[in-house]
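Data from entry_34.txt: compact mmCIF, C-alpha atoms
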```txt
# COMPACT_ATOMS: atom_id res chain seq x y z
CA MET B 1 -4.72 -2.31 5.17
CA ALA B 2 -7.03 -5.30 5.68
CA LEU B 3 -4.78 -7.54 3.61
CA PHE B 4 -3.51 -10.59 5.52
CA SER B 5 -5.12 -9.45 8.80
CA GLY B 6 -6.57 -12.94 9.37
CA LEU B 7 -3.40 -14.78 8.33
CA SER B 8 -1.19 -12.44 10.35
CA GLU B 9 -3.26 -12.99 13.48
CA LYS B 10 -3.17 -16.78 13.09
CA LEU B 11 0.58 -16.95 12.45
CA ASN B 12 1.31 -14.76 15.45
CA HIS B 13 -0.90 -16.98 17.58
CA ILE B 14 1.04 -20.06 16.41
CA PHE B 15 4.40 -18.46 17.16
CA SER B 16 3.21 -17.12 20.54
CA LYS B 17 2.56 -20.71 21.62
CA LEU B 18 6.11 -21.65 20.66
CA THR B 19 7.57 -18.88 22.81
CA LYS B 20 6.15 -20.59 25.90
CA HIS B 21 8.67 -23.37 25.41
CA GLY B 22 12.39 -23.26 25.94
CA ARG B 23 14.14 -25.28 23.32
CA LEU B 24 11.89 -26.79 20.69
CA THR B 25 11.54 -30.47 19.92
CA GLU B 26 11.10 -31.79 16.41
CA LEU B 27 7.50 -32.74 17.27
CA GLU B 28 6.70 -29.18 18.40
CA ILE B 29 8.09 -27.74 15.18
CA LYS B 30 6.12 -30.21 13.04
CA THR B 31 2.94 -29.42 14.97
CA ALA B 32 3.49 -25.70 14.43
CA MET B 33 4.14 -26.25 10.71
CA ARG B 34 0.87 -28.21 10.46
CA GLU B 35 -0.94 -25.18 11.90
CA VAL B 36 0.91 -22.87 9.51
CA ARG B 37 -0.24 -25.07 6.62
CA ILE B 38 -3.89 -24.79 7.73
CA ALA B 39 -3.57 -21.01 8.18
CA LEU B 40 -2.18 -20.60 4.65
CA LEU B 41 -4.90 -22.75 3.11
CA GLU B 42 -7.57 -20.79 4.96
CA ALA B 43 -5.99 -17.61 3.55
CA ASP B 44 -6.71 -19.06 0.08
CA VAL B 45 -3.09 -19.73 -0.85
CA ASN B 46 -2.70 -22.19 -3.73
CA ILE B 47 -2.43 -25.74 -2.30
CA SER B 48 0.71 -26.67 -4.26
CA VAL B 49 2.36 -23.42 -3.11
CA VAL B 50 1.43 -24.24 0.50
CA LYS B 51 2.89 -27.73 0.28
CA SER B 52 6.24 -26.61 -1.10
CA PHE B 53 6.42 -23.62 1.28
CA VAL B 54 5.75 -25.71 4.41
CA ALA B 55 8.17 -28.40 3.21
CA ARG B 56 10.99 -25.85 2.79
CA VAL B 57 10.35 -24.21 6.16
CA SER B 58 10.09 -27.59 7.92
CA GLU B 59 13.32 -28.85 6.38
CA ARG B 60 15.19 -25.77 7.59
CA ALA B 61 13.44 -25.53 10.96
CA VAL B 62 14.11 -29.13 11.96
CA GLY B 63 17.83 -28.61 11.36
CA GLN B 64 20.19 -29.02 14.28
CA GLU B 65 20.93 -25.27 14.46
CA ILE B 66 17.25 -24.65 15.37
CA LEU B 67 16.81 -27.50 17.84
CA LYS B 68 19.97 -26.48 19.70
CA SER B 69 19.39 -22.75 19.49
CA LEU B 70 18.92 -20.64 22.61
CA SER B 71 16.20 -18.67 20.82
CA PRO B 72 14.51 -21.29 18.62
CA THR B 73 11.21 -19.46 18.14
CA GLN B 74 12.98 -16.37 16.77
CA GLN B 75 14.94 -18.66 14.45
CA VAL B 76 11.75 -20.32 13.18
CA ILE B 77 10.12 -16.91 12.59
CA LYS B 78 13.26 -15.78 10.76
CA ILE B 79 13.05 -18.83 8.48
CA VAL B 80 9.33 -18.26 7.80
CA ASN B 81 10.07 -14.60 7.04
CA GLU B 82 12.85 -15.50 4.59
CA GLU B 83 10.70 -18.10 2.84
CA LEU B 84 7.75 -15.69 2.56
CA ILE B 85 10.04 -13.13 0.94
CA ASP B 86 11.34 -15.73 -1.49
CA LEU B 87 7.77 -16.87 -2.24
CA MET B 88 6.71 -13.35 -3.24
CA GLY B 89 9.76 -12.56 -5.34
CA SER B 90 12.79 -11.75 -3.16
CA ALA B 91 13.13 -8.09 -4.20
CA ASN B 92 11.23 -5.18 -5.71
CA SER B 93 11.05 -5.44 -9.49
CA LYS B 94 11.35 -2.07 -11.18
CA LEU B 95 9.78 -1.02 -14.47
CA ALA B 96 11.91 -1.49 -17.58
CA VAL B 97 12.91 1.74 -19.29
CA ASP B 98 13.49 1.79 -23.06
CA SER B 99 16.82 3.34 -24.09
CA ASN B 100 15.04 4.78 -27.13
CA PRO B 101 11.94 6.63 -25.79
CA PRO B 102 9.08 6.31 -25.43
CA THR B 103 8.90 3.36 -23.05
CA VAL B 104 5.66 1.54 -23.91
CA ILE B 105 3.71 -0.07 -21.07
CA MET B 106 0.77 -2.25 -22.08
CA MET B 107 -1.88 -2.86 -19.42
CA ALA B 108 -4.03 -5.99 -19.61
CA GLY B 109 -6.65 -7.62 -17.43
CA LEU B 110 -10.25 -8.69 -17.06
CA GLN B 111 -13.11 -6.21 -16.82
CA GLY B 112 -13.74 -5.12 -13.24
CA ALA B 113 -10.17 -5.55 -12.02
CA GLY B 114 -9.66 -1.76 -11.89
CA LYS B 115 -7.39 -1.57 -14.95
CA THR B 116 -8.45 1.85 -16.26
CA THR B 117 -8.13 3.48 -12.83
CA LEU B 118 -4.77 1.75 -12.45
CA VAL B 119 -3.58 3.38 -15.69
CA GLY B 120 -4.25 6.79 -14.09
CA LYS B 121 -2.55 5.74 -10.85
CA LEU B 122 0.55 4.58 -12.68
CA GLY B 123 0.56 7.76 -14.76
CA LEU B 124 0.48 9.87 -11.61
CA MET B 125 3.28 7.84 -10.00
CA LEU B 126 5.50 8.21 -13.07
CA LYS B 127 4.74 11.92 -13.32
CA LYS B 128 5.88 12.37 -9.71
CA GLN B 129 9.14 10.68 -10.75
CA GLY B 130 9.69 13.32 -13.43
CA LYS B 131 8.34 11.32 -16.36
CA LYS B 132 5.99 12.63 -19.07
CA PRO B 133 3.43 9.84 -19.59
CA LEU B 134 0.78 9.62 -22.32
CA LEU B 135 -2.31 7.54 -21.57
CA VAL B 136 -3.74 5.79 -24.64
CA ALA B 137 -7.42 4.74 -24.69
CA CYS B 138 -7.69 1.35 -26.43
CA ASP B 139 -10.65 -0.02 -24.46
CA VAL B 140 -13.17 0.77 -27.21
CA TYR B 141 -15.84 -1.75 -26.26
CA ARG B 142 -16.82 -1.04 -22.67
CA PRO B 143 -19.36 1.80 -22.39
CA ALA B 144 -17.84 4.99 -21.01
CA ALA B 145 -14.34 3.45 -20.75
CA ILE B 146 -12.78 6.26 -22.79
CA ASN B 147 -14.49 8.93 -20.70
CA GLN B 148 -13.38 7.16 -17.53
CA LEU B 149 -9.76 7.29 -18.71
CA LYS B 150 -10.17 10.98 -19.53
CA VAL B 151 -11.44 11.65 -16.00
CA VAL B 152 -8.64 9.76 -14.23
CA GLY B 153 -6.11 11.23 -16.66
CA GLU B 154 -7.23 14.76 -15.84
CA LYS B 155 -7.07 14.05 -12.10
CA ALA B 156 -3.56 12.63 -12.53
CA GLY B 157 -2.50 15.57 -14.70
CA CYS B 158 -1.72 13.26 -17.62
CA THR B 159 -2.56 13.72 -21.31
CA VAL B 160 -4.99 11.15 -22.77
CA PHE B 161 -4.78 10.08 -26.41
CA GLU B 162 -8.03 8.71 -27.86
CA LYS B 163 -9.62 8.15 -31.26
CA GLY B 164 -13.09 7.14 -30.14
CA GLN B 165 -14.36 3.61 -30.74
CA GLY B 166 -12.05 2.77 -33.61
CA ASN B 167 -9.63 -0.09 -34.17
CA PRO B 168 -7.69 -0.58 -30.88
CA VAL B 169 -4.56 -1.87 -32.65
CA LYS B 170 -4.38 1.22 -34.86
CA ILE B 171 -5.11 3.51 -31.89
CA ALA B 172 -2.22 1.95 -29.97
CA MET B 173 0.14 2.47 -32.92
CA GLU B 174 -1.00 6.05 -33.43
CA GLY B 175 -0.64 6.71 -29.70
CA VAL B 176 3.01 5.64 -29.74
CA LYS B 177 3.60 7.75 -32.86
CA HIS B 178 1.98 10.74 -31.15
CA ALA B 179 4.20 10.25 -28.09
CA LYS B 180 7.34 10.32 -30.25
CA SER B 181 6.21 13.46 -32.04
CA PHE B 182 5.31 15.43 -28.91
CA GLY B 183 8.05 14.40 -26.49
CA PHE B 184 6.25 11.93 -24.21
CA ASP B 185 8.82 9.55 -22.69
CA THR B 186 6.28 6.93 -21.55
CA VAL B 187 3.14 5.47 -23.14
CA ILE B 188 0.61 3.57 -21.01
CA ILE B 189 -1.91 1.66 -23.12
CA ASP B 190 -5.30 0.89 -21.55
CA THR B 191 -6.41 -2.22 -23.44
CA ALA B 192 -9.91 -3.73 -23.45
CA GLY B 193 -11.01 -6.19 -20.81
CA ARG B 194 -13.68 -8.89 -20.81
CA LEU B 195 -15.86 -10.42 -18.12
CA GLN B 196 -13.91 -13.59 -18.83
CA ILE B 197 -11.02 -14.66 -21.03
CA ASP B 198 -11.96 -15.32 -24.67
CA GLU B 199 -10.08 -15.93 -27.90
CA ASP B 200 -11.00 -12.61 -29.51
CA LEU B 201 -9.59 -10.68 -26.56
CA MET B 202 -6.33 -12.63 -26.60
CA LYS B 203 -5.83 -12.21 -30.35
CA GLU B 204 -6.37 -8.46 -30.07
CA LEU B 205 -3.87 -8.17 -27.22
CA GLU B 206 -1.34 -10.29 -29.10
CA GLU B 207 -1.69 -8.03 -32.15
CA ILE B 208 -1.22 -4.85 -30.08
CA LYS B 209 1.87 -6.43 -28.52
CA GLU B 210 3.26 -7.29 -31.98
CA LYS B 211 2.67 -3.80 -33.39
CA VAL B 212 3.94 -1.59 -30.52
CA SER B 213 6.62 -3.88 -28.95
CA PRO B 214 5.98 -2.87 -25.32
CA SER B 215 8.84 -2.84 -22.82
CA GLU B 216 6.36 -3.94 -20.16
CA ILE B 217 3.14 -5.95 -20.28
CA LEU B 218 1.56 -5.50 -16.88
CA LEU B 219 -1.36 -7.73 -15.94
CA VAL B 220 -3.86 -6.13 -13.55
CA VAL B 221 -5.56 -8.69 -11.31
CA ASP B 222 -8.24 -8.34 -8.65
CA SER B 223 -6.77 -9.83 -5.46
CA MET B 224 -10.26 -10.24 -3.96
CA THR B 225 -11.05 -13.02 -6.44
CA GLY B 226 -8.53 -15.29 -4.73
CA GLN B 227 -7.35 -18.33 -6.69
CA VAL B 228 -9.41 -17.23 -9.71
CA ALA B 229 -6.96 -14.32 -9.98
CA VAL B 230 -4.07 -16.79 -10.01
CA GLU B 231 -5.70 -18.83 -12.79
CA VAL B 232 -6.38 -15.67 -14.81
CA ALA B 233 -2.77 -14.56 -14.40
CA ASP B 234 -1.49 -17.96 -15.48
CA THR B 235 -3.67 -17.93 -18.63
CA PHE B 236 -2.73 -14.37 -19.64
CA ASN B 237 0.93 -15.10 -19.04
CA LYS B 238 0.93 -18.18 -21.28
CA ARG B 239 -0.54 -16.18 -24.16
CA LEU B 240 1.13 -12.78 -23.71
CA GLU B 241 4.28 -13.50 -21.68
CA VAL B 242 3.52 -10.71 -19.22
CA THR B 243 6.48 -8.99 -17.60
CA GLY B 244 4.86 -8.18 -14.28
CA LEU B 245 1.71 -8.21 -12.18
CA VAL B 246 -0.25 -5.43 -10.51
CA LEU B 247 -2.61 -6.39 -7.68
CA THR B 248 -5.67 -4.24 -7.05
CA LYS B 249 -8.12 -4.02 -4.13
CA LEU B 250 -5.58 -5.14 -1.54
CA ASP B 251 -7.29 -2.84 0.95
CA GLY B 252 -10.44 -4.97 0.85
CA ASP B 253 -9.02 -8.50 0.94
CA THR B 254 -8.65 -10.15 4.33
CA ARG B 255 -7.19 -13.41 2.99
CA GLY B 256 -4.68 -12.40 0.34
CA GLY B 257 -3.84 -15.89 -0.88
CA ALA B 258 -3.53 -14.65 -4.45
CA THR B 259 -0.64 -12.42 -3.45
CA LEU B 260 1.27 -15.31 -1.93
CA SER B 261 0.51 -17.65 -4.84
CA MET B 262 0.95 -15.37 -7.85
CA LYS B 263 4.73 -15.27 -8.23
CA SER B 264 5.15 -18.99 -7.63
CA VAL B 265 2.46 -20.01 -10.16
CA THR B 266 3.29 -17.54 -12.97
CA GLY B 267 6.99 -17.02 -12.38
CA LYS B 268 6.43 -13.29 -12.91
CA PRO B 269 7.10 -10.58 -10.29
CA ILE B 270 4.44 -8.50 -8.59
CA LYS B 271 5.53 -4.95 -9.47
CA PHE B 272 2.82 -2.81 -7.88
CA CYS B 273 -0.10 -3.08 -5.50
CA SER B 274 -3.14 -0.82 -5.28
CA VAL B 275 -4.11 -0.23 -1.65
CA GLY B 276 -7.03 2.19 -1.95
CA GLU B 277 -9.38 4.08 -4.23
CA LYS B 278 -7.41 7.35 -4.43
CA LEU B 279 -5.09 7.96 -7.38
CA GLY B 280 -2.13 8.13 -5.01
CA ASP B 281 -2.90 4.69 -3.52
CA LEU B 282 -0.44 2.78 -5.69
CA GLU B 283 2.74 1.36 -4.18
CA PRO B 284 5.75 -0.51 -5.55
CA PHE B 285 5.55 -4.09 -4.27
CA TYR B 286 8.33 -5.02 -1.84
CA PRO B 287 8.24 -8.74 -0.86
CA ASP B 288 10.34 -8.16 2.27
CA ARG B 289 8.08 -5.37 3.52
CA MET B 290 4.95 -7.43 2.85
CA ALA B 291 6.44 -10.42 4.68
CA ASN B 292 7.21 -8.16 7.65
CA ARG B 293 3.59 -6.97 7.71
CA ILE B 294 2.29 -10.53 7.62
CA LEU B 295 4.45 -11.51 10.60
CA GLY B 296 3.54 -8.39 12.58
CA MET B 297 6.98 -6.81 12.18
CA GLY B 298 5.58 -3.62 10.65
CA ASP B 299 6.70 -1.74 7.56
CA VAL B 300 8.71 1.24 8.74
CA LEU B 301 10.33 1.94 5.36
CA SER B 302 6.95 2.35 3.63
CA LEU B 303 5.80 4.52 6.52
CA ILE B 304 8.83 6.79 6.08
CA GLU B 305 8.19 7.05 2.33
CA LYS B 306 4.56 7.97 2.94
CA ALA B 307 5.66 10.61 5.46
CA GLN B 308 8.10 12.09 2.94
CA ASP B 309 5.29 12.39 0.39
CA ALA B 310 2.90 13.94 2.93
CA VAL B 311 5.25 16.54 4.46
CA THR B 312 7.70 18.72 2.53
CA GLU B 313 11.28 19.19 3.71
CA GLU B 314 10.49 22.82 4.54
CA GLN B 315 7.48 21.82 6.65
CA ALA B 316 9.55 19.18 8.44
CA ARG B 317 12.34 21.69 9.12
CA LYS B 318 9.93 24.27 10.54
CA LEU B 319 8.25 21.65 12.68
CA GLU B 320 11.59 20.49 14.04
CA GLU B 321 12.44 24.07 14.96
CA LYS B 322 9.10 24.49 16.73
CA PHE B 323 9.70 21.29 18.71
CA ARG B 324 13.10 22.55 19.79
CA LYS B 325 11.75 25.94 20.84
CA ASN B 326 8.65 24.38 22.38
CA SER B 327 6.45 26.66 20.24
CA PHE B 328 4.22 23.93 18.78
CA THR B 329 0.77 25.47 18.05
CA LEU B 330 -2.70 24.16 17.31
CA ASP B 331 -2.11 25.05 13.65
CA ASP B 332 0.88 22.71 13.66
CA TYR B 333 -1.25 20.11 15.40
CA LEU B 334 -3.81 20.44 12.59
CA MET B 335 -1.08 20.09 9.97
CA GLN B 336 -0.12 16.74 11.51
CA PHE B 337 -3.67 15.49 11.11
CA GLU B 338 -3.66 16.61 7.48
CA ALA B 339 -0.37 14.79 6.92
CA MET B 340 -1.79 11.61 8.49
CA LYS B 341 -4.77 11.85 6.14
CA LYS B 342 -2.41 12.06 3.15
CA MET B 343 -0.57 9.01 4.46
CA GLY B 344 -3.78 6.99 4.30
CA GLY B 345 -5.26 7.56 7.74
CA ILE B 346 -4.44 6.38 11.24
CA LYS B 347 -5.43 2.76 10.51
CA ASP B 348 -2.87 2.45 7.71
CA ILE B 349 -0.17 4.08 9.84
CA ILE B 350 -0.85 1.74 12.78
CA ALA B 351 -0.71 -1.26 10.43
CA MET B 352 2.86 -0.29 9.48
CA LEU B 353 4.10 0.04 13.05
CA PRO B 354 5.98 -3.04 14.32
CA GLY B 355 3.85 -5.17 16.64
CA MET B 356 0.82 -2.92 16.59
CA GLY B 357 -1.31 -5.19 14.43
CA SER B 358 -0.62 -8.40 16.31
CA LYS B 359 -0.03 -7.34 19.90
CA PHE B 360 -2.60 -4.60 20.28
CA LYS B 361 -6.31 -4.61 19.62
CA ILE B 362 -7.01 -1.09 18.41
CA ASN B 363 -10.42 0.26 19.35
CA GLU B 364 -12.19 1.42 16.19
CA ASN B 365 -13.61 4.37 18.13
CA ASP B 366 -10.10 5.58 18.92
CA ILE B 367 -9.21 5.85 15.23
CA ASP B 368 -12.54 7.04 13.88
CA GLU B 369 -11.68 9.21 10.86
CA ASN B 370 -14.79 11.34 11.59
CA LYS B 371 -13.14 12.48 14.82
CA ILE B 372 -10.31 13.94 12.77
CA ALA B 373 -12.83 16.00 10.81
CA ARG B 374 -14.36 17.25 14.09
CA THR B 375 -10.91 18.12 15.42
CA LYS B 376 -10.24 20.12 12.27
CA ALA B 377 -13.56 21.94 12.65
CA ILE B 378 -12.79 22.86 16.27
CA ILE B 379 -9.34 24.28 15.47
CA GLN B 380 -10.62 26.19 12.44
CA SER B 381 -13.33 27.78 14.64
CA MET B 382 -10.60 29.39 16.77
CA THR B 383 -9.00 32.74 16.07
CA MET B 384 -5.37 32.80 14.98
CA TYR B 385 -4.39 34.19 18.38
CA GLU B 386 -6.22 31.35 20.17
CA ARG B 387 -4.47 28.73 18.04
CA GLU B 388 -1.09 30.19 18.94
CA ASN B 389 -2.00 30.73 22.60
CA PRO B 390 -4.49 28.00 23.61
CA GLN B 391 -3.96 28.81 27.32
CA ILE B 392 -6.17 31.91 26.91
CA ILE B 393 -9.19 29.82 25.86
CA ASN B 394 -11.61 30.29 28.78
CA SER B 395 -15.17 29.00 29.22
CA SER B 396 -16.83 31.69 27.10
CA ARG B 397 -14.33 31.15 24.27
CA LYS B 398 -14.90 27.37 24.49
CA THR B 399 -18.65 27.92 24.16
CA ARG B 400 -18.14 30.08 21.07
CA ILE B 401 -15.71 27.57 19.52
CA ALA B 402 -18.06 24.64 20.19
CA LYS B 403 -20.98 26.49 18.63
CA GLY B 404 -18.93 27.51 15.60
CA SER B 405 -17.66 23.99 14.97
CA GLY B 406 -20.94 22.19 15.64
CA THR B 407 -19.41 20.28 18.55
CA SER B 408 -19.65 20.40 22.33
CA VAL B 409 -17.63 22.16 25.03
CA GLN B 410 -16.59 18.70 26.26
CA GLU B 411 -15.07 17.93 22.85
CA VAL B 412 -13.22 21.25 22.86
CA ASN B 413 -11.85 20.45 26.34
CA LYS B 414 -10.78 16.99 25.18
CA LEU B 415 -8.94 18.42 22.17
CA LEU B 416 -7.08 20.98 24.29
CA LYS B 417 -6.09 18.25 26.73
CA GLN B 418 -4.84 16.00 23.92
CA PHE B 419 -2.87 18.91 22.48
CA GLU B 420 -1.12 19.52 25.80
CA GLN B 421 -0.35 15.81 26.13
CA THR B 422 1.14 15.86 22.62
CA LYS B 423 3.38 18.79 23.53
CA VAL B 424 4.60 16.93 26.63
CA MET B 425 5.28 13.80 24.54
CA MET B 426 7.19 15.81 21.92
CA LYS B 427 9.28 17.42 24.64
CA GLN B 428 10.14 13.99 26.05
CA MET B 429 11.09 12.73 22.59
CA LYS B 430 13.29 15.80 22.05
CA ASN B 431 15.08 15.15 25.34
CA ASN B 432 15.53 11.45 24.60
CA LYS B 433 19.06 10.81 23.35
CA MET B 434 17.80 7.86 21.31
CA PHE B 435 15.50 10.13 19.32
CA LYS B 436 16.94 12.35 16.62
CA PHE B 437 15.12 14.81 14.41
```

Starting from the coordinates I provided, produce the structure as structure tokens.
Amino acid sequence: MALFSGLSEKLNHIFSKLTKHGRLTELEIKTAMREVRIALLEADVNISVVKSFVARVSERAVGQEILKSLSPTQQVIKIVNEELIDLMGSANSKLAVDSNPPTVIMMAGLQGAGKTTLVGKLGLMLKKQGKKPLLVACDVYRPAAINQLKVVGEKAGCTVFEKGQGNPVKIAMEGVKHAKSFGFDTVIIDTAGRLQIDEDLMKELEEIKEKVSPSEILLVVDSMTGQVAVEVADTFNKRLEVTGLVLTKLDGDTRGGATLSMKSVTGKPIKFCSVGEKLGDLEPFYPDRMANRILGMGDVLSLIEKAQDAVTEEQARKLEEKFRKNSFTLDDYLMQFEAMKKMGGIKDIIAMLPGMGSKFKINENDIDENKIARTKAIIQSMTMYERENPQIINSSRKTRIAKGSGTSVQEVNKLLKQFEQTKVMMKQMKNNKMFKF
């Protein structure tokens, strides 16, 4: 994830300078806080949010417990971490569920924020949780909006309710009625957007809200628009009283100031964040995990959740057994690559590992996703017997495999070497008492 890469690097640089000192003086802390202030402003964080944030951190950091601490830098980082978490909302805010189904979720936002795609993403997420969502097409003005919802709905495996380009308020009401009649427990309404906020849009949204009484009004905002996104959120909230925010395009924003400003300005929690173009690239927003990422502490919990989605319990059990018996094959090796792809790719995985983003400069060539495709091609060009017994692959077999996969003998050799190194590493992990399957 590119989000906060610039801010994270700058903050880690500031804190690395503090670690060179023993105990910190008040002047050193104030100098560091000045640099933190500049870093936050350059990340496009709202200026009033920056002022209050730095003031709170400075007040706590200059306290006697920090100045006299044996590990003052760690204490300062701990304070910054706690304040970042508080700034973004303290804890994950879950969706409200109506005690009398269906739960109605109304989506709002400007055109271009990714609202319609987000409706499909949320539908897929809820379906995975055992819900039965109905997607309702109320964006009747934008060309092809209804068809777009049909496409994402089909991909997500969700039913789409639409009445063409009719009255959006009536369509919303009929959609909720349809859900009640056919056993849908959740309704997600895709409302119309505009290129900019106007009175007609707001009146229409207010009328839909009045008629269907949604349990949630989620505002979808484009994080790449920076402080404009914050202003949009503030305006929508004042008119609609939104219940939560959903940030899109976090994978393409290197500054991320909107994320840090949004909760403080609107007073409403960020409930979800979209981190990619795929339908599965929607995550619940956890302030503590995001703060950890910003400070280079990683996000192990999210990594574990992604791994659980990518690999079934049965696959994990079989893999564990293979590790124990040292019978790990090239087919298993290929399965790991497929699992990594489902988890978002090597770059996303590395970003979640503690310290990897700030302490190590990862060579782009080492994590080239195209290399994974070539690795897959090489393994799939082998016979089943060769995959289970790679030691039999001699020069003539390597030539055949290289030709069949459109690669070179050198690449085949490199893959076989990497596979053997992986087996050695797995054996060491198995023997390590600190590591448990």

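Of note, CA of Gln111 (chain B) and CA of Asp222 (chain B) are spaced 9.7 Å apart.
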
With all atoms listed in the file as the counted atoms, please give the residues lying no more than 9 Å from region 123-130 of chain B, apart from itself and same-chain residues fewer than 3 positions off, as a compact mmCIF listing (two decimals) with C-alpha atoms, keeping the file's coordinate frame.
```txt
# COMPACT_ATOMS: atom_id res chain seq x y z
CA LEU B 118 -4.77 1.75 -12.45
CA VAL B 119 -3.58 3.38 -15.69
CA GLY B 120 -4.25 6.79 -14.09
CA PRO B 133 3.43 9.84 -19.59
CA LEU B 134 0.78 9.62 -22.32
CA LEU B 135 -2.31 7.54 -21.57
CA GLY B 153 -6.11 11.23 -16.66
CA LYS B 155 -7.07 14.05 -12.10
CA ALA B 156 -3.56 12.63 -12.53
CA GLY B 157 -2.50 15.57 -14.70
CA CYS B 158 -1.72 13.26 -17.62
CA THR B 186 6.28 6.93 -21.55
CA ILE B 188 0.61 3.57 -21.01
CA LEU B 279 -5.09 7.96 -7.38
CA GLY B 280 -2.13 8.13 -5.01
CA LEU B 282 -0.44 2.78 -5.69
CA GLU B 283 2.74 1.36 -4.18
```

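Coordinates place CA of Gly109 (chain B) at a distance of 15.4 Å from CA of Lys121 (chain B).
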
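Within 12 Å of Val50 (chain B), once all atoms listed in the file are used and residues closer than 6 positions along the same chain are dropped, the contacting residues are Met33, Arg34, Glu35, Val36, Arg37, Ile38, Ala39, Leu40, Leu41, Glu42, Ala43, Asp44, Arg56, Val57, Ser58, Glu83, Leu84, Leu87, Gly257, Ala258, Leu260, Ser261, Ser264 and Val265 of chain B.
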
Serialized selection, C-alpha atoms, as a PDB file, in the frame of the given file:
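File produced: part-v1.pdb:
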```pdb
ATOM      1  CA  MET B  33       4.140 -26.250  10.710  1.00  0.00           C
ATOM      2  CA  ARG B  34       0.870 -28.210  10.460  1.00  0.00           C
ATOM      3  CA  GLU B  35      -0.940 -25.180  11.900  1.00  0.00           C
ATOM      4  CA  VAL B  36       0.910 -22.870   9.510  1.00  0.00           C
ATOM      5  CA  ARG B  37      -0.240 -25.070   6.620  1.00  0.00           C
ATOM      6  CA  ILE B  38      -3.890 -24.790   7.730  1.00  0.00           C
ATOM      7  CA  ALA B  39      -3.570 -21.010   8.180  1.00  0.00           C
ATOM      8  CA  LEU B  40      -2.180 -20.600   4.650  1.00  0.00           C
ATOM      9  CA  LEU B  41      -4.900 -22.750   3.110  1.00  0.00           C
ATOM     10  CA  GLU B  42      -7.570 -20.790   4.960  1.00  0.00           C
ATOM     11  CA  ALA B  43      -5.990 -17.610   3.550  1.00  0.00           C
ATOM     12  CA  ASP B  44      -6.710 -19.060   0.080  1.00  0.00           C
ATOM     13  CA  ARG B  56      10.990 -25.850   2.790  1.00  0.00           C
ATOM     14  CA  VAL B  57      10.350 -24.210   6.160  1.00  0.00           C
ATOM     15  CA  SER B  58      10.090 -27.590   7.920  1.00  0.00           C
ATOM     16  CA  GLU B  83      10.700 -18.100   2.840  1.00  0.00           C
ATOM     17  CA  LEU B  84       7.750 -15.690   2.560  1.00  0.00           C
ATOM     18  CA  LEU B  87       7.770 -16.870  -2.240  1.00  0.00           C
ATOM     19  CA  GLY B 257      -3.840 -15.890  -0.880  1.00  0.00           C
ATOM     20  CA  ALA B 258      -3.530 -14.650  -4.450  1.00  0.00           C
ATOM     21  CA  LEU B 260       1.270 -15.310  -1.930  1.00  0.00           C
ATOM     22  CA  SER B 261       0.510 -17.650  -4.840  1.00  0.00           C
ATOM     23  CA  SER B 264       5.150 -18.990  -7.630  1.00  0.00           C
ATOM     24  CA  VAL B 265       2.460 -20.010 -10.160  1.00  0.00           C
TER      25      VAL B 265
END
```

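Considering only C-alpha atoms, the residue among B:Met290, B:Lys263, B:Arg239, B:Glu420 positioned nearest to Phe328 (chain B) is B:Glu420.
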
As a PyMOL selection string, please: the residues near Gln165 (chain B) (cut-off 8 Å, all atoms listed in the file, same-chain neighbours under 2 positions excluded). chain B and resi 140-141+163+167-168

Could I get region 140-148 of chain B rebuilt with N, CA and C atoms, written as an mmCIF file, in the frame of the given file?
```cif
data_model
loop_
_atom_site.group_PDB
_atom_site.id
_atom_site.type_symbol
_atom_site.label_atom_id
_atom_site.label_comp_id
_atom_site.auth_asym_id
_atom_site.auth_seq_id
_atom_site.Cartn_x
_atom_site.Cartn_y
_atom_site.Cartn_z
ATOM 1 N N VAL B 140 -12.142 0.136 -26.376
ATOM 2 C CA VAL B 140 -13.170 0.770 -27.210
ATOM 3 C C VAL B 140 -14.526 0.076 -27.126
ATOM 4 N N TYR B 141 -14.601 -0.970 -26.319
ATOM 5 C CA TYR B 141 -15.840 -1.750 -26.260
ATOM 6 C C TYR B 141 -16.698 -1.439 -25.032
ATOM 7 N N ARG B 142 -16.058 -1.264 -23.904
ATOM 8 C CA ARG B 142 -16.820 -1.040 -22.670
ATOM 9 C C ARG B 142 -17.424 0.356 -22.680
ATOM 10 N N PRO B 143 -18.715 0.483 -22.414
ATOM 11 C CA PRO B 143 -19.360 1.800 -22.390
ATOM 12 C C PRO B 143 -18.671 2.741 -21.395
ATOM 13 N N ALA B 144 -18.413 3.927 -21.837
ATOM 14 C CA ALA B 144 -17.840 4.990 -21.010
ATOM 15 C C ALA B 144 -16.391 4.749 -20.581
ATOM 16 N N ALA B 145 -15.739 3.724 -21.134
ATOM 17 C CA ALA B 145 -14.340 3.450 -20.750
ATOM 18 C C ALA B 145 -13.415 4.592 -21.135
ATOM 19 N N ILE B 146 -13.637 5.163 -22.327
ATOM 20 C CA ILE B 146 -12.780 6.260 -22.790
ATOM 21 C C ILE B 146 -12.976 7.489 -21.912
ATOM 22 N N ASN B 147 -14.216 7.784 -21.583
ATOM 23 C CA ASN B 147 -14.490 8.930 -20.700
ATOM 24 C C ASN B 147 -13.903 8.713 -19.314
ATOM 25 N N GLN B 148 -13.954 7.468 -18.844
ATOM 26 C CA GLN B 148 -13.380 7.160 -17.530
ATOM 27 C C GLN B 148 -11.879 7.432 -17.526
#
```
